[in-house]
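The structure appears right after this line, and notes come after that.
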Amino acid sequence: RLADIVRVYVEETLGVTTLEATTDEILSELRTKSCPAGTLQILRAVLEQADMVKFARYEALPDENERSLRLATELVQITALKEQVSAD
């Protein structure tokens with residue numbers, strides 16, 4: 001669920017098609033845009049973890065789930081800060 005929320009957020013905030021795209025396609029498209037530092041690395045970590053759970057039937061450990069949530073929160077904070085700076 002977290003990956004779906006992050007995908008929708010990225011699509012609406014950064015203007016990248018995410019819902020029908022693979023992780024690699026999303027990251028590739030984001031490389032062509034002006035993103036805040038660290039955005040790609042954070043997004044890659046969250047989405048690759050979710051891909052493992054979804055497609056490889058990997059059972060994430062509680063600390064891995066907490067890390068993904070923490071990274072998703074950091075992604076929102078970084079991109080929100082960019083939006084705030086752009087609006088000023």
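Chains: A, B, ... in order of the structure tokens. Residues: from 1 per chain. Ligands: from 1, in order shown.
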
request  = Please provide as a ChimeraX atom specification all residues within 8 Å of A:Arg44, with the sequence filter that same-chain residues fewer than 3 positions apart are discarded (counting only C-alpha atoms).
outcome  = /A:23,27,40-41,47-48

Could the residues in this selection be written to a file with all heavy atoms, as a short mmCIF file (atom, residue, chain, number, x, y, z; two decimals), in the first residue's frame?
data_model
loop_
_atom_site.label_atom_id
_atom_site.label_comp_id
_atom_site.auth_asym_id
_atom_site.auth_seq_id
_atom_site.Cartn_x
_atom_site.Cartn_y
_atom_site.Cartn_z
N THR A 23 9.21 0.43 -11.86
CA THR A 23 10.12 1.25 -11.06
C THR A 23 11.19 1.88 -11.94
O THR A 23 11.48 3.07 -11.84
CB THR A 23 10.75 0.40 -9.94
OG1 THR A 23 9.71 -0.04 -9.06
CG2 THR A 23 11.80 1.17 -9.17
N LEU A 27 11.89 5.95 -12.51
CA LEU A 27 13.18 6.56 -12.20
C LEU A 27 13.82 7.17 -13.44
O LEU A 27 14.41 8.25 -13.37
CB LEU A 27 14.11 5.52 -11.56
CG LEU A 27 13.65 5.00 -10.20
CD1 LEU A 27 14.52 3.84 -9.74
CD2 LEU A 27 13.63 6.10 -9.16
N LEU A 40 15.64 10.61 -6.11
CA LEU A 40 15.73 9.36 -6.86
C LEU A 40 16.18 8.20 -5.99
O LEU A 40 15.63 7.10 -6.07
CB LEU A 40 16.68 9.51 -8.05
CG LEU A 40 16.21 10.41 -9.18
CD1 LEU A 40 17.30 10.58 -10.22
CD2 LEU A 40 14.95 9.87 -9.80
N GLN A 41 17.16 8.44 -5.13
CA GLN A 41 17.67 7.37 -4.26
C GLN A 41 16.59 6.90 -3.29
O GLN A 41 16.43 5.70 -3.05
CB GLN A 41 18.91 7.83 -3.49
CG GLN A 41 20.11 8.11 -4.38
CD GLN A 41 20.09 9.50 -5.02
OE1 GLN A 41 19.16 10.29 -4.83
NE2 GLN A 41 21.10 9.79 -5.81
N LEU A 47 10.48 1.85 -3.70
CA LEU A 47 9.83 1.07 -4.75
C LEU A 47 10.47 -0.30 -4.95
O LEU A 47 9.76 -1.28 -5.20
CB LEU A 47 9.80 1.86 -6.06
CG LEU A 47 8.95 3.13 -6.05
CD1 LEU A 47 9.01 3.82 -7.42
CD2 LEU A 47 7.52 2.84 -5.65
N GLU A 48 11.78 -0.40 -4.84
CA GLU A 48 12.42 -1.70 -5.00
C GLU A 48 12.05 -2.64 -3.86
O GLU A 48 11.84 -3.84 -4.08
CB GLU A 48 13.93 -1.56 -5.12
CG GLU A 48 14.34 -1.03 -6.49
CD GLU A 48 15.84 -0.88 -6.66
OE1 GLU A 48 16.59 -0.99 -5.66
OE2 GLU A 48 16.26 -0.63 -7.81
#

ask   = Could you work out how far atom CA of A:Gln49 lies from atom CA of A:Leu14, giving the answer in Å with one decimal?
value =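 Those two atoms sit 21.0 Å apart.
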
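Straight-line separation from atom CA of A:Ala60 to atom CA of A:Ala72: 15.8 Å.
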
request  = Work out how far atom CA of A:Gln77 is from atom CA of A:Ser34, in Å to one decimal.
outcome  = 16.1 Å

query = Excluding same-chain residues fewer than 5 positions from A:Leu69, what lies within 9 Å of it counting only C-alpha atoms, as a PyMOL selection string?
reply = chain A and resi 2+46+64+74

Emit the selected residues as a CSV table (one decimal), in the first residue's frame, including all heavy atoms.
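That gives us part28.csv:
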chain,number,residue,atom,x,y,z
A,2,LEU,N,2.0,1.2,0.7
A,2,LEU,CA,2.8,2.4,0.8
A,2,LEU,C,3.3,2.8,-0.6
A,2,LEU,O,3.4,3.9,-1.0
A,2,LEU,CB,4.0,2.1,1.8
A,2,LEU,CG,5.0,3.3,1.9
A,2,LEU,CD1,4.3,4.5,2.5
A,2,LEU,CD2,6.2,2.9,2.8
A,46,VAL,N,12.4,2.8,-1.8
A,46,VAL,CA,11.0,2.4,-1.4
A,46,VAL,C,10.3,1.5,-2.4
A,46,VAL,O,9.7,0.5,-2.1
A,46,VAL,CB,10.1,3.7,-1.2
A,46,VAL,CG1,8.7,3.4,-1.0
A,46,VAL,CG2,10.6,4.5,0.0
A,64,GLU,N,12.4,-3.2,8.1
A,64,GLU,CA,12.4,-2.8,6.7
A,64,GLU,C,11.2,-2.0,6.4
A,64,GLU,O,11.2,-1.0,5.6
A,64,GLU,CB,12.5,-4.1,5.8
A,64,GLU,CG,13.9,-4.7,5.9
A,64,GLU,CD,13.9,-6.1,5.1
A,64,GLU,OE1,12.9,-6.9,5.3
A,64,GLU,OE2,14.8,-6.3,4.4
A,74,GLU,N,10.4,11.1,4.3
A,74,GLU,CA,11.5,12.0,3.9
A,74,GLU,C,11.3,12.5,2.5
A,74,GLU,O,11.5,13.7,2.2
A,74,GLU,CB,12.8,11.3,4.0
A,74,GLU,CG,14.0,12.1,3.8
A,74,GLU,CD,15.3,11.4,4.0
A,74,GLU,OE1,15.3,10.3,4.6
A,74,GLU,OE2,16.3,11.8,3.4

request  = Show which residues sit within 8 Å of A:Ile26, as a list in words. Count only C-alpha atoms, and ignore same-chain residues fewer than 6 positions away.
outcome  = Val16, Thr17 and Thr18 of chain A

key: Picked from chain A by DSSP as helix (DSSP H, G or I), as an MDAnalysis selection string   = chainID A and resid 2:14 23:31 39:55 62:87

request  = Would you list the contacts of A:Thr13 as a list in words, taking every protein, DNA or RNA residue within 9 Å and counting only C-alpha atoms, but skipping same-chain residues closer than 4 positions in sequence?
outcome  = Val8, Tyr9, Thr79, Ala80 and Glu83 of chain A

Nearest candidate to A:Thr39 (options A:Leu81, A:Arg67, A:Phe55, A:Asp4; using only C-alpha atoms) =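 Comparing A:Leu81, A:Arg67, A:Phe55, A:Asp4 against A:Thr39, the winner is A:Leu81.
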
key: Residue nearest A:Ala3 among A:Leu30, A:Glu25, A:Val53, A:Gly38 (counting only C-alpha atoms)   =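 Among A:Leu30, A:Glu25, A:Val53, A:Gly38, it is A:Val53 that comes nearest to A:Ala3.
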